[in-house]
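Participant: Just one file: coords_33.txt, with compact mmCIF, N, CA and C atoms and all ligand atoms.
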# COMPACT_ATOMS: atom_id res chain seq x y z
N PRO A 1 -209.86 206.10 -23.71
CA PRO A 1 -209.39 205.88 -25.09
C PRO A 1 -208.25 204.86 -25.13
N PRO A 2 -208.10 204.12 -26.23
CA PRO A 2 -207.06 203.10 -26.28
C PRO A 2 -205.66 203.72 -26.27
N ASP A 3 -204.69 202.94 -25.82
CA ASP A 3 -203.29 203.33 -25.87
C ASP A 3 -202.83 203.13 -27.32
N VAL A 4 -202.67 204.26 -28.02
CA VAL A 4 -202.43 204.23 -29.47
C VAL A 4 -201.13 203.49 -29.83
N GLU A 5 -200.13 203.59 -28.95
CA GLU A 5 -198.84 202.93 -29.22
C GLU A 5 -198.95 201.42 -29.06
N ALA A 6 -199.52 200.99 -27.93
CA ALA A 6 -199.65 199.54 -27.66
C ALA A 6 -200.59 198.91 -28.68
N LEU A 7 -201.68 199.62 -28.97
CA LEU A 7 -202.63 199.13 -29.97
C LEU A 7 -201.93 198.99 -31.32
N GLY A 8 -201.13 199.98 -31.69
CA GLY A 8 -200.42 199.97 -32.97
C GLY A 8 -199.46 198.79 -33.07
N ARG A 9 -198.65 198.60 -32.03
CA ARG A 9 -197.69 197.48 -32.04
C ARG A 9 -198.39 196.15 -32.20
N SER A 10 -199.46 195.93 -31.43
CA SER A 10 -200.18 194.64 -31.52
C SER A 10 -200.84 194.49 -32.88
N THR A 11 -201.35 195.60 -33.39
CA THR A 11 -202.07 195.52 -34.66
C THR A 11 -201.11 195.23 -35.81
N TRP A 12 -199.95 195.91 -35.82
CA TRP A 12 -198.97 195.62 -36.88
C TRP A 12 -198.53 194.15 -36.78
N THR A 13 -198.38 193.63 -35.54
CA THR A 13 -198.03 192.22 -35.39
C THR A 13 -199.09 191.34 -36.04
N LEU A 14 -200.35 191.64 -35.76
CA LEU A 14 -201.42 190.85 -36.37
C LEU A 14 -201.38 190.97 -37.89
N LEU A 15 -201.31 192.19 -38.40
CA LEU A 15 -201.40 192.38 -39.86
C LEU A 15 -200.21 191.73 -40.58
N HIS A 16 -198.98 191.95 -40.08
CA HIS A 16 -197.81 191.36 -40.76
C HIS A 16 -197.84 189.83 -40.62
N THR A 17 -198.40 189.33 -39.52
CA THR A 17 -198.48 187.88 -39.34
C THR A 17 -199.53 187.29 -40.29
N ILE A 18 -200.59 188.03 -40.54
CA ILE A 18 -201.56 187.59 -41.56
C ILE A 18 -200.85 187.52 -42.92
N ALA A 19 -200.06 188.54 -43.24
CA ALA A 19 -199.33 188.54 -44.52
C ALA A 19 -198.40 187.34 -44.61
N ALA A 20 -197.70 187.06 -43.53
CA ALA A 20 -196.70 185.98 -43.53
C ALA A 20 -197.35 184.61 -43.70
N ASN A 21 -198.64 184.51 -43.37
CA ASN A 21 -199.34 183.23 -43.47
C ASN A 21 -200.33 183.20 -44.63
N TYR A 22 -200.36 184.27 -45.41
CA TYR A 22 -201.24 184.34 -46.58
C TYR A 22 -200.64 183.43 -47.66
N PRO A 23 -201.49 182.78 -48.48
CA PRO A 23 -200.94 181.85 -49.48
C PRO A 23 -200.02 182.55 -50.49
N LYS A 24 -199.07 181.78 -51.01
CA LYS A 24 -198.22 182.30 -52.10
C LYS A 24 -199.04 182.45 -53.37
N SER A 25 -199.97 181.54 -53.57
CA SER A 25 -200.88 181.61 -54.73
C SER A 25 -202.32 181.56 -54.25
N PRO A 26 -202.84 182.70 -53.74
CA PRO A 26 -204.20 182.72 -53.20
C PRO A 26 -205.24 182.53 -54.28
N ASN A 27 -206.32 181.82 -53.94
CA ASN A 27 -207.42 181.70 -54.89
C ASN A 27 -208.29 182.96 -54.81
N TYR A 28 -209.32 182.99 -55.66
CA TYR A 28 -210.16 184.18 -55.76
C TYR A 28 -210.79 184.54 -54.40
N LYS A 29 -211.29 183.51 -53.70
CA LYS A 29 -211.97 183.74 -52.40
C LYS A 29 -210.99 184.30 -51.37
N GLU A 30 -209.79 183.75 -51.34
CA GLU A 30 -208.79 184.23 -50.39
C GLU A 30 -208.42 185.70 -50.67
N GLN A 31 -208.31 186.03 -51.94
CA GLN A 31 -208.00 187.41 -52.31
C GLN A 31 -209.14 188.34 -51.92
N SER A 32 -210.37 187.90 -52.18
CA SER A 32 -211.50 188.79 -51.91
C SER A 32 -211.71 188.90 -50.39
N ASP A 33 -211.48 187.83 -49.63
CA ASP A 33 -211.57 187.91 -48.16
C ASP A 33 -210.56 188.92 -47.61
N LEU A 34 -209.34 188.89 -48.12
CA LEU A 34 -208.31 189.79 -47.60
C LEU A 34 -208.66 191.25 -47.90
N LYS A 35 -209.16 191.49 -49.12
CA LYS A 35 -209.57 192.85 -49.48
C LYS A 35 -210.70 193.33 -48.59
N THR A 36 -211.69 192.46 -48.36
CA THR A 36 -212.81 192.82 -47.50
C THR A 36 -212.33 193.10 -46.09
N PHE A 37 -211.47 192.20 -45.58
CA PHE A 37 -210.94 192.37 -44.22
C PHE A 37 -210.23 193.71 -44.07
N MET A 38 -209.34 194.03 -45.02
CA MET A 38 -208.56 195.27 -44.90
C MET A 38 -209.45 196.51 -45.05
N GLY A 39 -210.46 196.40 -45.91
CA GLY A 39 -211.39 197.52 -46.06
C GLY A 39 -212.16 197.78 -44.76
N LEU A 40 -212.65 196.71 -44.15
CA LEU A 40 -213.38 196.84 -42.88
C LEU A 40 -212.44 197.27 -41.77
N PHE A 41 -211.24 196.67 -41.75
CA PHE A 41 -210.24 197.05 -40.75
C PHE A 41 -210.02 198.57 -40.77
N SER A 42 -209.86 199.12 -41.96
CA SER A 42 -209.54 200.55 -42.07
C SER A 42 -210.69 201.42 -41.58
N ARG A 43 -211.90 200.85 -41.49
CA ARG A 43 -213.02 201.64 -40.98
C ARG A 43 -213.28 201.40 -39.50
N LEU A 44 -212.80 200.24 -39.00
CA LEU A 44 -213.11 199.88 -37.60
C LEU A 44 -211.94 200.13 -36.65
N TYR A 45 -210.74 200.41 -37.18
CA TYR A 45 -209.56 200.57 -36.32
C TYR A 45 -209.83 201.65 -35.28
N PRO A 46 -209.75 201.30 -33.98
CA PRO A 46 -210.21 202.24 -32.96
C PRO A 46 -209.21 203.33 -32.55
N CYS A 47 -208.51 203.86 -33.53
CA CYS A 47 -207.75 205.11 -33.36
C CYS A 47 -208.20 205.91 -34.56
N TRP A 48 -209.10 206.86 -34.32
CA TRP A 48 -209.87 207.42 -35.45
C TRP A 48 -209.01 208.24 -36.39
N VAL A 49 -208.05 209.02 -35.87
CA VAL A 49 -207.16 209.76 -36.78
C VAL A 49 -206.34 208.78 -37.61
N CYS A 50 -205.86 207.71 -36.95
CA CYS A 50 -205.08 206.68 -37.66
C CYS A 50 -205.93 206.08 -38.78
N ALA A 51 -207.16 205.71 -38.45
CA ALA A 51 -208.05 205.05 -39.40
C ALA A 51 -208.33 205.96 -40.59
N GLU A 52 -208.55 207.23 -40.31
CA GLU A 52 -208.85 208.18 -41.38
C GLU A 52 -207.68 208.27 -42.37
N ASP A 53 -206.47 208.40 -41.84
CA ASP A 53 -205.29 208.47 -42.71
C ASP A 53 -205.06 207.16 -43.45
N PHE A 54 -205.32 206.05 -42.77
CA PHE A 54 -205.10 204.75 -43.41
C PHE A 54 -206.11 204.53 -44.55
N GLN A 55 -207.34 204.98 -44.36
CA GLN A 55 -208.32 204.90 -45.45
C GLN A 55 -207.87 205.72 -46.65
N LYS A 56 -207.34 206.91 -46.38
CA LYS A 56 -206.85 207.75 -47.48
C LYS A 56 -205.69 207.05 -48.19
N TYR A 57 -204.80 206.42 -47.40
CA TYR A 57 -203.67 205.70 -47.99
C TYR A 57 -204.19 204.60 -48.91
N MET A 58 -205.22 203.87 -48.44
CA MET A 58 -205.76 202.76 -49.24
C MET A 58 -206.45 203.24 -50.52
N GLU A 59 -206.95 204.46 -50.49
CA GLU A 59 -207.54 205.02 -51.71
C GLU A 59 -206.45 205.35 -52.73
N LYS A 60 -205.33 205.85 -52.24
CA LYS A 60 -204.21 206.25 -53.12
C LYS A 60 -203.43 205.04 -53.62
N GLU A 61 -203.13 204.12 -52.68
CA GLU A 61 -202.27 202.98 -52.99
C GLU A 61 -203.12 201.72 -52.95
N GLN A 62 -203.63 201.34 -54.10
CA GLN A 62 -204.50 200.16 -54.21
C GLN A 62 -203.86 198.93 -53.57
N ILE A 63 -204.63 198.26 -52.73
CA ILE A 63 -204.14 197.06 -52.05
C ILE A 63 -203.75 195.98 -53.07
N ARG A 64 -202.67 195.27 -52.79
CA ARG A 64 -202.21 194.18 -53.67
C ARG A 64 -202.33 192.86 -52.93
N VAL A 65 -203.15 191.97 -53.47
CA VAL A 65 -203.44 190.70 -52.79
C VAL A 65 -203.16 189.48 -53.67
N ASP A 66 -202.41 189.69 -54.76
CA ASP A 66 -202.15 188.61 -55.73
C ASP A 66 -201.30 187.48 -55.18
N SER A 67 -200.49 187.77 -54.17
CA SER A 67 -199.61 186.74 -53.61
C SER A 67 -199.15 187.19 -52.23
N ARG A 68 -198.57 186.25 -51.48
CA ARG A 68 -198.02 186.59 -50.16
C ARG A 68 -197.04 187.74 -50.27
N ASN A 69 -196.13 187.66 -51.24
CA ASN A 69 -195.11 188.71 -51.32
C ASN A 69 -195.68 190.05 -51.74
N GLU A 70 -196.68 190.02 -52.64
CA GLU A 70 -197.32 191.28 -53.05
C GLU A 70 -198.01 191.95 -51.85
N PHE A 71 -198.76 191.17 -51.08
CA PHE A 71 -199.46 191.76 -49.93
C PHE A 71 -198.47 192.16 -48.84
N GLY A 72 -197.50 191.30 -48.57
CA GLY A 72 -196.51 191.61 -47.52
C GLY A 72 -195.76 192.90 -47.84
N THR A 73 -195.44 193.09 -49.10
CA THR A 73 -194.71 194.29 -49.52
C THR A 73 -195.63 195.52 -49.47
N TRP A 74 -196.85 195.35 -49.94
CA TRP A 74 -197.81 196.46 -49.87
C TRP A 74 -198.00 196.91 -48.42
N LEU A 75 -198.15 195.94 -47.51
CA LEU A 75 -198.36 196.25 -46.10
C LEU A 75 -197.13 196.92 -45.49
N CYS A 76 -195.96 196.44 -45.88
CA CYS A 76 -194.72 197.04 -45.40
C CYS A 76 -194.64 198.51 -45.84
N GLU A 77 -195.03 198.77 -47.07
CA GLU A 77 -195.01 200.15 -47.58
C GLU A 77 -196.04 201.01 -46.83
N ALA A 78 -197.19 200.41 -46.53
CA ALA A 78 -198.22 201.15 -45.77
C ALA A 78 -197.69 201.48 -44.37
N HIS A 79 -197.04 200.50 -43.75
CA HIS A 79 -196.46 200.72 -42.41
C HIS A 79 -195.37 201.80 -42.50
N ASN A 80 -194.59 201.77 -43.56
CA ASN A 80 -193.55 202.80 -43.74
C ASN A 80 -194.15 204.20 -43.88
N ALA A 81 -195.30 204.30 -44.52
CA ALA A 81 -195.94 205.61 -44.65
C ALA A 81 -196.28 206.15 -43.26
N VAL A 82 -196.73 205.26 -42.36
CA VAL A 82 -197.02 205.69 -40.98
C VAL A 82 -195.71 206.01 -40.26
N ASN A 83 -194.70 205.17 -40.44
CA ASN A 83 -193.39 205.45 -39.83
C ASN A 83 -192.90 206.85 -40.21
N THR A 84 -193.00 207.17 -41.49
CA THR A 84 -192.54 208.47 -41.98
C THR A 84 -193.35 209.59 -41.34
N LYS A 85 -194.65 209.41 -41.29
CA LYS A 85 -195.52 210.43 -40.68
C LYS A 85 -195.13 210.69 -39.22
N LEU A 86 -194.73 209.60 -38.52
CA LEU A 86 -194.41 209.72 -37.09
C LEU A 86 -192.94 210.02 -36.84
N GLY A 87 -192.14 210.16 -37.92
CA GLY A 87 -190.71 210.42 -37.74
C GLY A 87 -189.92 209.20 -37.30
N LYS A 88 -190.47 207.99 -37.55
CA LYS A 88 -189.75 206.75 -37.22
C LYS A 88 -188.96 206.29 -38.44
N PRO A 89 -187.90 205.48 -38.23
CA PRO A 89 -187.11 205.03 -39.37
C PRO A 89 -187.94 204.17 -40.33
N VAL A 90 -187.57 204.27 -41.61
CA VAL A 90 -188.21 203.47 -42.65
C VAL A 90 -187.63 202.05 -42.61
N PHE A 91 -188.50 201.06 -42.77
CA PHE A 91 -188.10 199.65 -42.70
C PHE A 91 -187.76 199.18 -44.12
N ASP A 92 -186.73 198.32 -44.25
CA ASP A 92 -186.33 197.77 -45.55
C ASP A 92 -187.30 196.64 -45.93
N CYS A 93 -188.17 196.93 -46.91
CA CYS A 93 -189.25 196.00 -47.24
C CYS A 93 -188.77 194.71 -47.90
N SER A 94 -187.51 194.63 -48.31
CA SER A 94 -187.00 193.34 -48.81
C SER A 94 -186.85 192.35 -47.64
N LYS A 95 -186.97 192.87 -46.41
CA LYS A 95 -186.76 192.03 -45.23
C LYS A 95 -188.05 191.73 -44.47
N TRP A 96 -189.21 192.09 -45.06
CA TRP A 96 -190.45 191.93 -44.29
C TRP A 96 -190.69 190.48 -43.89
N GLU A 97 -190.39 189.56 -44.82
CA GLU A 97 -190.70 188.15 -44.55
C GLU A 97 -189.72 187.57 -43.53
N GLU A 98 -188.48 188.01 -43.63
CA GLU A 98 -187.48 187.59 -42.65
C GLU A 98 -187.93 188.02 -41.25
N ARG A 99 -188.43 189.25 -41.13
CA ARG A 99 -188.88 189.77 -39.83
C ARG A 99 -190.12 189.04 -39.32
N TRP A 100 -191.10 188.81 -40.20
CA TRP A 100 -192.41 188.36 -39.74
C TRP A 100 -192.70 186.90 -39.98
N ARG A 101 -191.91 186.22 -40.81
CA ARG A 101 -192.20 184.81 -41.05
C ARG A 101 -191.11 183.94 -40.45
N THR A 102 -189.89 184.16 -40.94
CA THR A 102 -188.76 183.41 -40.40
C THR A 102 -188.50 183.85 -38.96
N GLY A 103 -188.62 185.15 -38.72
CA GLY A 103 -188.47 185.68 -37.37
C GLY A 103 -187.06 186.07 -37.02
N TRP A 104 -186.94 187.23 -36.35
CA TRP A 104 -185.65 187.59 -35.76
C TRP A 104 -185.93 188.25 -34.42
N LYS A 105 -184.90 188.48 -33.64
CA LYS A 105 -185.11 189.08 -32.32
C LYS A 105 -185.39 190.57 -32.48
N ASP A 106 -186.38 191.09 -31.73
CA ASP A 106 -186.75 192.50 -31.84
C ASP A 106 -186.49 193.22 -30.52
P1 LIG B 201 -194.36 199.79 -34.73
O1 LIG B 201 -194.46 200.83 -35.79
O2 LIG B 201 -195.62 199.44 -34.00
O3 LIG B 201 -193.74 198.49 -35.39
C1 LIG B 201 -193.63 197.25 -34.70
C2 LIG B 201 -192.48 196.46 -35.28
O4 LIG B 201 -192.71 196.25 -36.67
C3 LIG B 201 -191.15 197.20 -35.25
O5 LIG B 201 -190.48 196.99 -34.06
C4 LIG B 201 -190.40 196.62 -36.44
O6 LIG B 201 -189.72 195.44 -36.10
C5 LIG B 201 -191.49 196.23 -37.40
N1 LIG B 201 -191.64 197.18 -38.51
C6 LIG B 201 -191.47 198.54 -38.50
N2 LIG B 201 -191.76 199.06 -39.70
C7 LIG B 201 -192.14 198.02 -40.48
C8 LIG B 201 -192.56 197.91 -41.83
N3 LIG B 201 -192.66 199.00 -42.63
N4 LIG B 201 -192.86 196.70 -42.32
C9 LIG B 201 -192.76 195.59 -41.54
N5 LIG B 201 -192.38 195.62 -40.26
C10 LIG B 201 -192.07 196.82 -39.73
N6 LIG B 201 -199.82 206.09 -34.44
C11 LIG B 201 -199.97 207.44 -34.39
O7 LIG B 201 -199.50 208.07 -33.44
N7 LIG B 201 -200.61 208.11 -35.41
C12 LIG B 201 -201.14 207.45 -36.48
O8 LIG B 201 -201.75 208.08 -37.36
C13 LIG B 201 -201.02 206.03 -36.53
N8 LIG B 201 -201.57 205.32 -37.55
C14 LIG B 201 -201.54 203.96 -37.51
C15 LIG B 201 -202.20 203.24 -38.51
C16 LIG B 201 -202.24 201.86 -38.47
C17 LIG B 201 -202.97 201.10 -39.54
C18 LIG B 201 -201.61 201.16 -37.40
C19 LIG B 201 -201.68 199.65 -37.34
C20 LIG B 201 -200.94 201.86 -36.42
C21 LIG B 201 -200.89 203.27 -36.45
N9 LIG B 201 -200.23 204.01 -35.47
C22 LIG B 201 -200.34 205.38 -35.46
C23 LIG B 201 -199.38 203.34 -34.45
C24 LIG B 201 -197.90 203.36 -34.90
O9 LIG B 201 -197.77 202.89 -36.24
C25 LIG B 201 -197.01 202.45 -34.03
O10 LIG B 201 -197.58 201.15 -33.95
C26 LIG B 201 -196.78 202.95 -32.61
O11 LIG B 201 -196.31 204.29 -32.64
C27 LIG B 201 -195.73 202.06 -31.88
O12 LIG B 201 -194.54 202.11 -32.64
P2 LIG B 201 -193.28 201.19 -32.44
O13 LIG B 201 -192.10 202.07 -32.57
O14 LIG B 201 -193.42 200.35 -31.22
O15 LIG B 201 -193.24 200.19 -33.69
Would you write the structure of this file as structure tokens?
Ligand code: FAD

Facilitator:
Amino acid sequence: PPDVEALGRSTWTLLHTIAANYPKSPNYKEQSDLKTFMGLFSRLYPCWVCAEDFQKYMEKEQIRVDSRNEFGTWLCEAHNAVNTKLGKPVFDCSKWEERWRTGWKD
């Protein structure tokens, strides 16, 4: 079975990096691609308990793909829901872009 921690760290890096490079004003195709990607991601993520909870989260909290900041913030909130579940500190979502686009030392 996959290492759930290492898989999680790499996956959050990929997802937040996608958000950081998503257009500020995405066109219809870009928005629909991101929705499709996230929907499939939530079904294919190879940590099945994680995937099940993430699908439930996506049903409750409709994905926001209208702009880079909308998606980046939605994703940050989704990551925070997992942080809370695991007893990890909550991340300040006003800083998501600083962390994942501009970059800081981790
Ligand atoms: P991570 O949570 O992996 O975070 C990596 C870095 O992201 C942090 O160092 C920090 O700089 C930054 N960061 C932290 N919070 C945020 C945020 N809210 N927004 C932006 N940046 C942030 N593990 C389980 O045991 N059970 C689960 O059910 C589970 N579900 C998961 C669901 C998904 C969709 C994913 C991608 C991962 C899931 N994981 C789950 C893995 C878990 O979230 C962590 O990745 C793993 O525990 C390693 O944690 P970490 O402390 O290294 O930091």

Participant: Would you list the residues that come within 5 Å of ligand LIG 201 (chain B)? Count all atoms listed in the file and give the answer as a PDB file with N, CA and C atoms, in the coordinates of the input.

Facilitator:
ATOM      1  N   VAL A   4    -202.670 204.260 -28.020  1.00  0.00           N
ATOM      2  CA  VAL A   4    -202.430 204.230 -29.470  1.00  0.00           C
ATOM      3  C   VAL A   4    -201.130 203.490 -29.830  1.00  0.00           C
ATOM      4  N   GLU A   5    -200.130 203.590 -28.950  1.00  0.00           N
ATOM      5  CA  GLU A   5    -198.840 202.930 -29.220  1.00  0.00           C
ATOM      6  C   GLU A   5    -198.950 201.420 -29.060  1.00  0.00           C
ATOM      7  N   GLY A   8    -201.130 199.980 -31.690  1.00  0.00           N
ATOM      8  CA  GLY A   8    -200.420 199.970 -32.970  1.00  0.00           C
ATOM      9  C   GLY A   8    -199.460 198.790 -33.070  1.00  0.00           C
ATOM     10  N   ARG A   9    -198.650 198.600 -32.030  1.00  0.00           N
ATOM     11  CA  ARG A   9    -197.690 197.480 -32.040  1.00  0.00           C
ATOM     12  C   ARG A   9    -198.390 196.150 -32.200  1.00  0.00           C
ATOM     13  N   THR A  11    -201.350 195.600 -33.390  1.00  0.00           N
ATOM     14  CA  THR A  11    -202.070 195.520 -34.660  1.00  0.00           C
ATOM     15  C   THR A  11    -201.110 195.230 -35.810  1.00  0.00           C
ATOM     16  N   TRP A  12    -199.950 195.910 -35.820  1.00  0.00           N
ATOM     17  CA  TRP A  12    -198.970 195.620 -36.880  1.00  0.00           C
ATOM     18  C   TRP A  12    -198.530 194.150 -36.780  1.00  0.00           C
ATOM     19  N   VAL A  49    -208.050 209.020 -35.870  1.00  0.00           N
ATOM     20  CA  VAL A  49    -207.160 209.760 -36.780  1.00  0.00           C
ATOM     21  C   VAL A  49    -206.340 208.780 -37.610  1.00  0.00           C
ATOM     22  N   CYS A  50    -205.860 207.710 -36.950  1.00  0.00           N
ATOM     23  CA  CYS A  50    -205.080 206.680 -37.660  1.00  0.00           C
ATOM     24  C   CYS A  50    -205.930 206.080 -38.780  1.00  0.00           C
ATOM     25  N   CYS A  76    -195.960 196.440 -45.880  1.00  0.00           N
ATOM     26  CA  CYS A  76    -194.720 197.040 -45.400  1.00  0.00           C
ATOM     27  C   CYS A  76    -194.640 198.510 -45.840  1.00  0.00           C
ATOM     28  N   HIS A  79    -197.040 200.500 -43.750  1.00  0.00           N
ATOM     29  CA  HIS A  79    -196.460 200.720 -42.410  1.00  0.00           C
ATOM     30  C   HIS A  79    -195.370 201.800 -42.500  1.00  0.00           C
ATOM     31  N   ASN A  80    -194.590 201.770 -43.560  1.00  0.00           N
ATOM     32  CA  ASN A  80    -193.550 202.800 -43.740  1.00  0.00           C
ATOM     33  C   ASN A  80    -194.150 204.200 -43.880  1.00  0.00           C
ATOM     34  N   PHE A  91    -188.500 201.060 -42.770  1.00  0.00           N
ATOM     35  CA  PHE A  91    -188.100 199.650 -42.700  1.00  0.00           C
ATOM     36  C   PHE A  91    -187.760 199.180 -44.120  1.00  0.00           C
TER      37      PHE A  91
END

Participant: Centre and edge lengths of an axis-aligned box around all listed atoms of region 61-77 of chain A, with 6 Å added on each side, are to be given in Å to one decimal, as JSON.

Facilitator:
{"center_x": -199.6, "center_y": 195.2, "center_z": -50.6, "size_x": 22.0, "size_y": 29.9, "size_z": 22.3}

Participant: For atom N of Phe54 (chain A) and atom N of Glu97 (chain A), quote the distance in Å rounded to one decimal.

Facilitator: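 Spanning atom N of Phe54 (chain A) to atom N of Glu97 (chain A) is a straight-line distance of 22.3 Å.
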
Participant: Excluding region 40-48 of chain A and any residue of its chain fewer than 4 positions from it, enumerate the residues within 9 Å of it, using only C-alpha atoms, and give them as a ChimeraX atom specification.

Facilitator: /A:1-4,7-8,35-36,52-55,58

Participant: Suppose you want the space between atom C of Ser67 (chain A) and atom C of Tyr22 (chain A); what is it in Å?

Facilitator: 6.1 Å

Participant: Find the residue from A:Ala20, A:Ile63, A:Ala6, A:Leu15 that sits nearest to Glu98 (chain A); use only C-alpha atoms when measuring.

Facilitator: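 Once distances to Glu98 (chain A) are computed over only C-alpha atoms, the minimum belongs to A:Ala20.
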
Participant: Per DSSP on the backbone, what are the alpha helix (DSSP H) residues of region 2-101 of chain A, as a PyMOL selection string?

Facilitator: chain A and resi 4-21+28-44+48-60+68-85+96-97

Participant: Go through A:Thr13, A:Thr102, A:Ser94, A:Ser25 one by one, measure the shortest atom-to-atom distance of each to Val65 (chain A) using only N, CA and C atoms, and give the residue with the smallest value.

Facilitator: A:Ser25

Participant: Please export region 51-102 of chain A as a tab-separated table (two decimals), in the first residue's frame, restricted to C-alpha atoms.

Facilitator:
chain	number	residue	atom	x	y	z
A	51	ALA	CA	-10.64	9.62	-1.29
A	52	GLU	CA	-13.97	8.72	0.26
A	53	ASP	CA	-13.83	11.64	2.71
A	54	PHE	CA	-12.62	14.01	0.00
A	55	GLN	CA	-15.54	13.05	-2.26
A	56	LYS	CA	-17.93	13.77	0.61
A	57	TYR	CA	-16.20	17.13	1.15
A	58	MET	CA	-16.64	17.97	-2.54
A	59	GLU	CA	-20.34	17.15	-2.34
A	60	LYS	CA	-20.78	19.50	0.63
A	61	GLU	CA	-18.45	22.29	-0.48
A	62	GLN	CA	-18.98	22.96	-4.17
A	63	ILE	CA	-15.68	23.46	-5.98
A	64	ARG	CA	-14.94	27.08	-7.00
A	65	VAL	CA	-13.09	27.49	-10.30
A	66	ASP	CA	-14.01	31.06	-11.30
A	67	SER	CA	-10.49	32.40	-10.76
A	68	ARG	CA	-7.05	31.49	-9.44
A	69	ASN	CA	-7.86	32.99	-6.06
A	70	GLU	CA	-11.27	31.30	-5.82
A	71	PHE	CA	-9.79	27.87	-6.55
A	72	GLY	CA	-6.67	28.44	-4.43
A	73	THR	CA	-8.82	29.44	-1.47
A	74	TRP	CA	-11.27	26.57	-1.98
A	75	LEU	CA	-8.35	24.12	-2.08
A	76	CYS	CA	-6.77	25.67	1.01
A	77	GLU	CA	-10.07	25.21	2.87
A	78	ALA	CA	-10.27	21.60	1.66
A	79	HIS	CA	-6.71	20.99	2.89
A	80	ASN	CA	-7.64	22.61	6.22
A	81	ALA	CA	-10.57	20.21	6.60
A	82	VAL	CA	-8.06	17.34	6.34
A	83	ASN	CA	-5.65	19.12	8.71
A	84	THR	CA	-8.45	19.44	11.27
A	85	LYS	CA	-9.42	15.79	10.87
A	86	LEU	CA	-5.80	14.76	11.48
A	87	GLY	CA	-5.25	17.18	14.39
A	88	LYS	CA	-2.78	19.31	12.37
A	89	PRO	CA	-2.73	23.11	12.62
A	90	VAL	CA	-5.07	25.09	10.38
A	91	PHE	CA	-3.31	27.08	7.63
A	92	ASP	CA	-4.08	30.81	7.11
A	93	CYS	CA	-5.72	30.79	3.67
A	94	SER	CA	-4.92	34.46	3.03
A	95	LYS	CA	-1.34	33.18	2.62
A	96	TRP	CA	-1.93	30.30	0.19
A	97	GLU	CA	-0.50	32.16	-2.79
A	98	GLU	CA	2.50	33.41	-0.86
A	99	ARG	CA	3.24	29.78	0.13
A	100	TRP	CA	2.63	28.15	-3.24
A	101	ARG	CA	3.29	30.81	-5.87
A	102	THR	CA	5.74	33.34	-4.54
